[in-house]
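Structure below is work-v5.txt: compact mmCIF, C-alpha atoms and all ligand atoms.
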```txt
# COMPACT_ATOMS: atom_id res chain seq x y z
CA MET A 1 213.31 4.48 207.33
CA LEU A 2 212.15 1.24 208.81
CA TYR A 3 210.78 -1.72 206.95
CA ILE A 4 210.30 -5.47 207.06
CA ASP A 5 212.54 -7.18 204.54
CA LEU A 6 210.19 -9.83 203.17
CA ASN A 7 212.86 -11.59 201.12
CA GLU A 8 214.98 -11.98 204.23
CA LEU A 9 212.01 -13.19 206.27
CA GLN A 10 211.17 -15.80 203.67
CA LYS A 11 214.50 -17.49 204.37
CA THR A 12 214.14 -17.62 208.12
CA ASN A 13 211.69 -18.12 210.99
CA LYS A 14 212.13 -14.80 212.60
CA LEU A 15 213.73 -11.41 212.06
CA ILE A 16 214.96 -9.59 215.11
CA SER A 17 216.20 -6.05 214.93
CA GLN A 18 216.92 -3.04 217.01
CA GLU A 19 217.01 0.40 215.42
CA PHE A 20 217.26 4.04 216.30
CA ILE A 21 215.44 6.39 213.98
CA GLY A 22 216.16 10.11 214.06
CA PRO A 23 213.33 12.45 215.09
CA ASP A 24 213.54 14.24 211.73
CA GLU A 25 212.21 11.19 209.94
CA PHE A 26 208.85 11.61 211.62
CA ASP A 27 206.27 14.28 210.95
CA LEU A 28 204.27 14.55 214.15
CA ASP A 29 203.92 18.34 214.39
CA LYS A 30 200.31 18.20 213.35
CA PHE A 31 199.61 15.99 216.35
CA GLY A 32 201.32 18.47 218.68
CA ILE A 33 204.19 16.07 219.32
CA ASP A 34 207.79 17.23 219.23
CA LEU A 35 210.26 14.34 219.40
CA LYS A 36 213.28 15.13 221.55
CA SER A 37 215.32 12.01 220.97
CA SER A 38 215.75 9.23 218.47
CA VAL A 39 213.00 6.67 218.45
CA GLY A 40 214.35 3.37 219.75
CA ILE A 41 212.65 0.32 218.34
CA LYS A 42 213.01 -3.36 219.07
CA LEU A 43 211.25 -5.64 216.66
CA GLU A 44 210.61 -9.30 216.33
CA ILE A 45 208.91 -10.33 213.11
CA SER A 46 207.66 -13.85 212.71
CA HIS A 47 205.42 -15.89 210.48
CA SER A 48 201.82 -16.31 211.53
CA GLY A 49 199.23 -18.71 210.16
CA ILE A 50 199.88 -19.87 206.61
CA ASP A 51 201.52 -16.77 205.25
CA ASP A 52 200.78 -13.82 207.46
CA LEU A 53 203.19 -11.80 209.58
CA LEU A 54 203.26 -10.96 213.23
CA LEU A 55 205.25 -7.99 214.42
CA GLU A 56 205.96 -7.62 218.11
CA GLY A 57 208.17 -5.07 219.72
CA THR A 58 208.67 -1.94 221.73
CA VAL A 59 208.98 1.75 220.92
CA GLU A 60 210.69 4.28 223.15
CA THR A 61 211.30 7.97 222.76
CA ASP A 62 211.37 11.31 224.57
CA LEU A 63 208.88 13.89 223.50
CA GLU A 64 207.41 17.26 224.25
CA GLN A 65 203.80 18.36 224.01
CA LYS A 66 202.21 21.66 224.87
CA CYS A 67 200.25 22.14 228.06
CA ARG A 68 196.65 22.54 226.99
CA LYS A 69 196.08 25.44 229.37
CA CYS A 70 199.23 27.54 229.21
CA LEU A 71 201.05 26.11 226.14
CA ASN A 72 204.29 25.56 228.03
CA PRO A 73 206.21 22.54 226.76
CA VAL A 74 205.75 19.39 228.81
CA ALA A 75 208.37 16.66 228.49
CA SER A 76 207.60 13.00 228.80
CA THR A 77 209.02 9.62 227.96
CA LEU A 78 206.99 7.30 225.84
CA SER A 79 207.41 3.57 226.08
CA ALA A 80 204.92 1.36 224.35
CA SER A 81 204.65 -2.19 223.19
CA LEU A 82 203.63 -3.09 219.70
CA GLU A 83 201.73 -5.98 218.31
CA LEU A 84 200.63 -5.81 214.70
CA LEU A 85 199.29 -8.58 212.55
CA PHE A 86 199.76 -8.17 208.82
CA LYS A 87 197.54 -10.29 206.60
CA SER A 88 198.99 -11.35 203.30
CA LYS A 89 197.10 -10.62 200.12
CA HIS A 90 196.99 -14.34 199.49
CA SER A 91 195.37 -15.22 202.82
CA LEU A 92 192.83 -12.42 202.41
CA GLU A 93 191.82 -13.82 199.03
CA ASN A 94 191.21 -17.19 200.64
CA ASN A 95 189.24 -15.77 203.51
CA ASP A 96 186.01 -14.60 201.87
CA GLY A 97 187.51 -11.18 201.39
CA ILE A 98 187.48 -10.20 205.04
CA GLU A 99 189.73 -7.19 204.90
CA ASP A 100 190.10 -5.93 208.41
CA GLY A 101 193.51 -5.06 209.73
CA LEU A 102 196.78 -4.53 208.00
CA GLN A 103 197.60 -5.97 204.64
CA PHE A 104 200.69 -6.73 202.66
CA ASP A 105 201.79 -8.71 199.65
CA TRP A 106 204.85 -10.96 199.72
CA LYS A 107 205.59 -9.82 196.17
CA GLN A 108 206.18 -6.24 197.27
CA GLY A 109 209.54 -7.21 198.80
CA LYS A 110 209.22 -5.07 201.89
CA VAL A 111 206.67 -3.52 204.20
CA ASP A 112 207.25 0.10 205.15
CA LEU A 113 206.74 0.55 208.88
CA MET A 114 207.18 4.30 209.27
CA ASP A 115 203.47 5.15 209.12
CA HIS A 116 202.62 2.40 211.57
CA LEU A 117 205.31 3.61 213.89
CA SER A 118 204.10 7.22 213.74
CA GLN A 119 200.61 5.98 214.47
CA GLU A 120 201.77 4.03 217.53
CA ILE A 121 203.55 7.09 218.91
CA VAL A 122 200.45 9.24 218.43
CA LEU A 123 198.15 6.62 219.97
CA ASN A 124 200.37 6.19 222.99
CA ALA A 125 201.07 9.86 223.66
CA LEU A 126 198.64 11.54 226.04
CA SER A 127 195.85 13.39 224.26
CA PHE A 128 195.85 16.21 226.79
CA VAL A 129 198.83 17.24 228.82
CA GLU A 130 199.05 19.74 231.63
CA CYS A 131 202.34 21.14 232.88
CA ARG A 132 201.20 20.76 236.48
CA ASN A 133 198.07 19.65 238.24
CA PRO A 134 196.16 21.84 238.11
CA CYS A 135 197.73 24.27 235.68
CA LEU A 136 196.20 27.70 236.24
CA GLY A 137 196.64 28.63 232.61
CA ILE A 138 196.93 32.08 231.12
CA CYS A 139 194.80 35.07 232.11
CA ALA A 140 192.45 35.92 229.28
CA GLY A 141 192.73 39.59 230.21
CA CYS A 142 196.47 40.25 230.45
CA GLY A 143 198.07 37.10 229.10
CA GLU A 144 199.97 36.52 232.35
CA HIS A 145 201.01 32.95 233.16
CA LEU A 146 199.04 32.41 236.34
CA ASN A 147 201.27 29.61 237.64
CA ASP A 148 204.22 31.96 237.97
CA SER A 149 202.76 35.35 238.67
CA VAL A 150 199.79 37.13 240.05
CA CYS A 151 197.49 38.77 237.59
CA VAL A 152 196.57 42.41 238.26
CA CYS A 153 193.47 42.48 236.10
CA PRO A 154 190.19 43.70 237.60
CA GLU A 155 188.32 40.73 238.98
CA GLN A 156 186.38 39.96 235.83
CA PRO A 157 188.50 40.49 232.74
CA THR A 158 186.39 41.84 229.92
CA ASP A 159 185.71 39.35 227.22
CA PRO A 160 186.29 41.28 223.98
CA ARG A 161 183.24 39.59 222.46
CA TRP A 162 181.00 41.73 224.71
CA ASP A 163 182.42 44.98 223.29
CA VAL A 164 180.15 44.79 220.29
CA LEU A 165 177.09 44.70 222.54
CA LEU A 166 178.31 47.50 224.79
CA ASN A 167 178.85 49.86 221.87
CA ASN A 168 175.30 49.46 220.63
ZN ZN B 201 200.32 24.72 231.95
ZN ZN B 202 195.13 39.20 234.00
```
If you convert what's in this file into structure tokens, what do you get?
Ligand SMILES: [Zn+2]
Ligand SMILES: [Zn+2]
Amino acid sequence: MLYIDLNELQKTNKLISQEFIGPDEFDLDKFGIDLKSSVGIKLEISHSGIDDLLLEGTVETDLEQKCRKCLNPVASTLSASLELLFKSKHSLENNDGIEDGLQFDWKQGKVDLMDHLSQEIVLNALSFVECRNPCLGICAGCGEHLNDSVCVCPEQPTDPRWDVLLNN
């Protein structure tokens, strides 16, 4: 759980915090990301404009993704900087209703940051990973990992989709 304490921020110029959030608090499986360590976050939250918020900070974590060719896990370290501007409901109302970007309302007491944080991790993780360059992948015929072993299939493995045609 990570949030901006708006009541606390109202009393001061700037909130500075450093947190470690356990990997179980994130749900990144559907993005093919498996967190291998806590997510370390450094945040500096300050006032911006009349009553908006600026969040600046860094996110660091270790993660694993699957190689897109052979599905072996590939470990990497993610380190990204954050800069998010949250527009207050009040300033949006006084700005001809331009509603781009992130919004919050001082009355809500706090701003939950977990979704934003998940999003930053997903955006900064590589979209396609390969365990080596180039990864030779898996043989479609025998399922052998071609990086580690030699496949003994005949030269052109039969694509099962052709079987239908051959039987006719
Ligand atoms: Zn691979
Ligand atoms: Zn093979």
Please, which residues are within 8 Å of (203.2, -11.9, 215.5) by the file's coordinates, counting all atoms listed in the file, and could they come as number ranges by chain? A: 44-48, 53-56, 83-85
Distance table requested - chain A against ligand ZN 202 (chain B), cut-off 8 Å, only C-alpha atoms and all ligand atoms: one row per qualifying residue with the closest atom pair and its distance in Å to one decimal, ordered by chain and rising residue number, as JSON lines.
```
{"residue": "A:Ile138", "atom": "CA", "partner": "B:ZN202", "partner_atom": "ZN", "distance": 7.9}
{"residue": "A:Cys139", "atom": "CA", "partner": "B:ZN202", "partner_atom": "ZN", "distance": 4.6}
{"residue": "A:Ala140", "atom": "CA", "partner": "B:ZN202", "partner_atom": "ZN", "distance": 6.3}
{"residue": "A:Gly141", "atom": "CA", "partner": "B:ZN202", "partner_atom": "ZN", "distance": 4.5}
{"residue": "A:Cys142", "atom": "CA", "partner": "B:ZN202", "partner_atom": "ZN", "distance": 3.9}
{"residue": "A:Gly143", "atom": "CA", "partner": "B:ZN202", "partner_atom": "ZN", "distance": 6.1}
{"residue": "A:Glu144", "atom": "CA", "partner": "B:ZN202", "partner_atom": "ZN", "distance": 5.8}
{"residue": "A:Val150", "atom": "CA", "partner": "B:ZN202", "partner_atom": "ZN", "distance": 7.9}
{"residue": "A:Cys151", "atom": "CA", "partner": "B:ZN202", "partner_atom": "ZN", "distance": 4.3}
{"residue": "A:Val152", "atom": "CA", "partner": "B:ZN202", "partner_atom": "ZN", "distance": 5.5}
{"residue": "A:Cys153", "atom": "CA", "partner": "B:ZN202", "partner_atom": "ZN", "distance": 4.2}
{"residue": "A:Pro154", "atom": "CA", "partner": "B:ZN202", "partner_atom": "ZN", "distance": 7.6}
{"residue": "A:Pro157", "atom": "CA", "partner": "B:ZN202", "partner_atom": "ZN", "distance": 6.9}
```
So that I can check the surroundings of A:Cys70, please list as a ChimeraX atom specification every protein, DNA and RNA residue that reaches within 9 Å of it, counting all atoms listed in the file and ignoring chain neighbours fewer than 6 positions away. /A:130-131,135-138,145-147
Using C-alpha atoms, can you write the selected residues to a file as a PDB file, keeping the file's coordinate frame?
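Output file result02.pdb is given in full below:
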```
ATOM      1  CA  GLU A 130     199.050  19.740 231.630  1.00  0.00           C
ATOM      2  CA  CYS A 131     202.340  21.140 232.880  1.00  0.00           C
ATOM      3  CA  CYS A 135     197.730  24.270 235.680  1.00  0.00           C
ATOM      4  CA  LEU A 136     196.200  27.700 236.240  1.00  0.00           C
ATOM      5  CA  GLY A 137     196.640  28.630 232.610  1.00  0.00           C
ATOM      6  CA  ILE A 138     196.930  32.080 231.120  1.00  0.00           C
ATOM      7  CA  HIS A 145     201.010  32.950 233.160  1.00  0.00           C
ATOM      8  CA  LEU A 146     199.040  32.410 236.340  1.00  0.00           C
ATOM      9  CA  ASN A 147     201.270  29.610 237.640  1.00  0.00           C
TER      10      ASN A 147
END
```
Which is closest to ligand ZN 201 (chain B) among A:Pro134, A:Ala75, A:Phe20, A:Cys67, if we use all atoms listed in the file? A:Cys67
So how far away is atom CA of A:Ala80 from atom CA of A:Ile41, in Å? 9.8 Å
Could you check how far atom CA of A:Gly101 sits from atom CA of A:Ser118, in Å to one decimal? 16.7 Å
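Nearest to A:Val39 of all the residues A:Glu120, A:Glu93, A:Asp105, A:Asp51 is A:Glu120, based on only C-alpha atoms.
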I need the residue nearest ligand ZN 201 (chain B) from this list: A:Ala125, A:Leu71, A:Leu6, A:Leu82. Use all atoms listed in the file for the distance. A:Leu71
Find the residue from A:Asn72, A:Leu78, A:Phe86, A:Leu113 that sits nearest to ligand ZN 201 (chain B); use only C-alpha atoms and all ligand atoms when measuring.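 For ligand ZN 201 (chain B), the nearest of the candidates is A:Asn72.
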How many Å lie between atom CA of A:Gln18 and atom CA of A:Ser91, rounded to one decimal? 28.5 Å
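Remark: for A:Trp106, the closest of the candidate residues A:Ile16, A:His90, A:Gly57, A:Asp34 is A:His90 (distances computed over only C-alpha atoms).
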If you take every atom of stretch 50-59 of chain A that the file lists and fit an axis-aligned box around them with 6 Å extra on each side, what centre and edge lengths come out in Å to one decimal, as lines of an AutoDock Vina configuration file?
```
center_x = 204.4
center_y = -9.1
center_z = 213.5
size_x = 21.1
size_y = 33.6
size_z = 28.5
```
Pick from A:Gly32, A:His116, A:Pro73, A:Lys11: nearest to ligand ZN 201 (chain B), with only C-alpha atoms and all ligand atoms counted?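 Selected residue with least distance to ligand ZN 201 (chain B): A:Pro73.
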Kindly output stretch 42-56 of chain A as a CSV table (one decimal), in the coordinates of the input, after building N, CA and C atoms.
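And here is the file that came out, result33.csv:
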```
chain,number,residue,atom,x,y,z
A,42,LYS,N,212.6,-1.9,219.1
A,42,LYS,CA,213.0,-3.4,219.1
A,42,LYS,C,211.9,-4.1,218.4
A,43,LEU,N,212.3,-4.9,217.4
A,43,LEU,CA,211.2,-5.6,216.7
A,43,LEU,C,211.6,-7.1,216.6
A,44,GLU,N,210.5,-7.9,216.6
A,44,GLU,CA,210.6,-9.3,216.3
A,44,GLU,C,209.5,-9.6,215.3
A,45,ILE,N,209.9,-10.1,214.2
A,45,ILE,CA,208.9,-10.3,213.1
A,45,ILE,C,208.9,-11.8,212.8
A,46,SER,N,207.7,-12.4,212.9
A,46,SER,CA,207.7,-13.8,212.7
A,46,SER,C,206.5,-14.2,211.8
A,47,HIS,N,206.5,-15.4,211.3
A,47,HIS,CA,205.4,-15.9,210.5
A,47,HIS,C,204.2,-16.2,211.4
A,48,SER,N,203.0,-16.0,210.8
A,48,SER,CA,201.8,-16.3,211.5
A,48,SER,C,200.9,-17.0,210.6
A,49,GLY,N,200.2,-18.0,211.0
A,49,GLY,CA,199.2,-18.7,210.2
A,49,GLY,C,199.9,-19.3,208.9
A,50,ILE,N,199.3,-19.3,207.8
A,50,ILE,CA,199.9,-19.9,206.6
A,50,ILE,C,200.9,-18.9,206.0
A,51,ASP,N,200.5,-17.7,205.7
A,51,ASP,CA,201.5,-16.8,205.2
A,51,ASP,C,201.3,-15.3,205.7
A,52,ASP,N,200.9,-15.2,206.9
A,52,ASP,CA,200.8,-13.8,207.5
A,52,ASP,C,202.0,-13.5,208.3
A,53,LEU,N,202.0,-12.3,208.8
A,53,LEU,CA,203.2,-11.8,209.6
A,53,LEU,C,202.8,-11.3,210.9
A,54,LEU,N,203.5,-11.5,211.9
A,54,LEU,CA,203.3,-11.0,213.2
A,54,LEU,C,204.5,-10.1,213.6
A,55,LEU,N,204.2,-8.9,214.0
A,55,LEU,CA,205.2,-8.0,214.4
A,55,LEU,C,205.0,-7.7,215.9
A,56,GLU,N,206.0,-8.0,216.7
A,56,GLU,CA,206.0,-7.6,218.1
A,56,GLU,C,207.2,-6.8,218.5
```
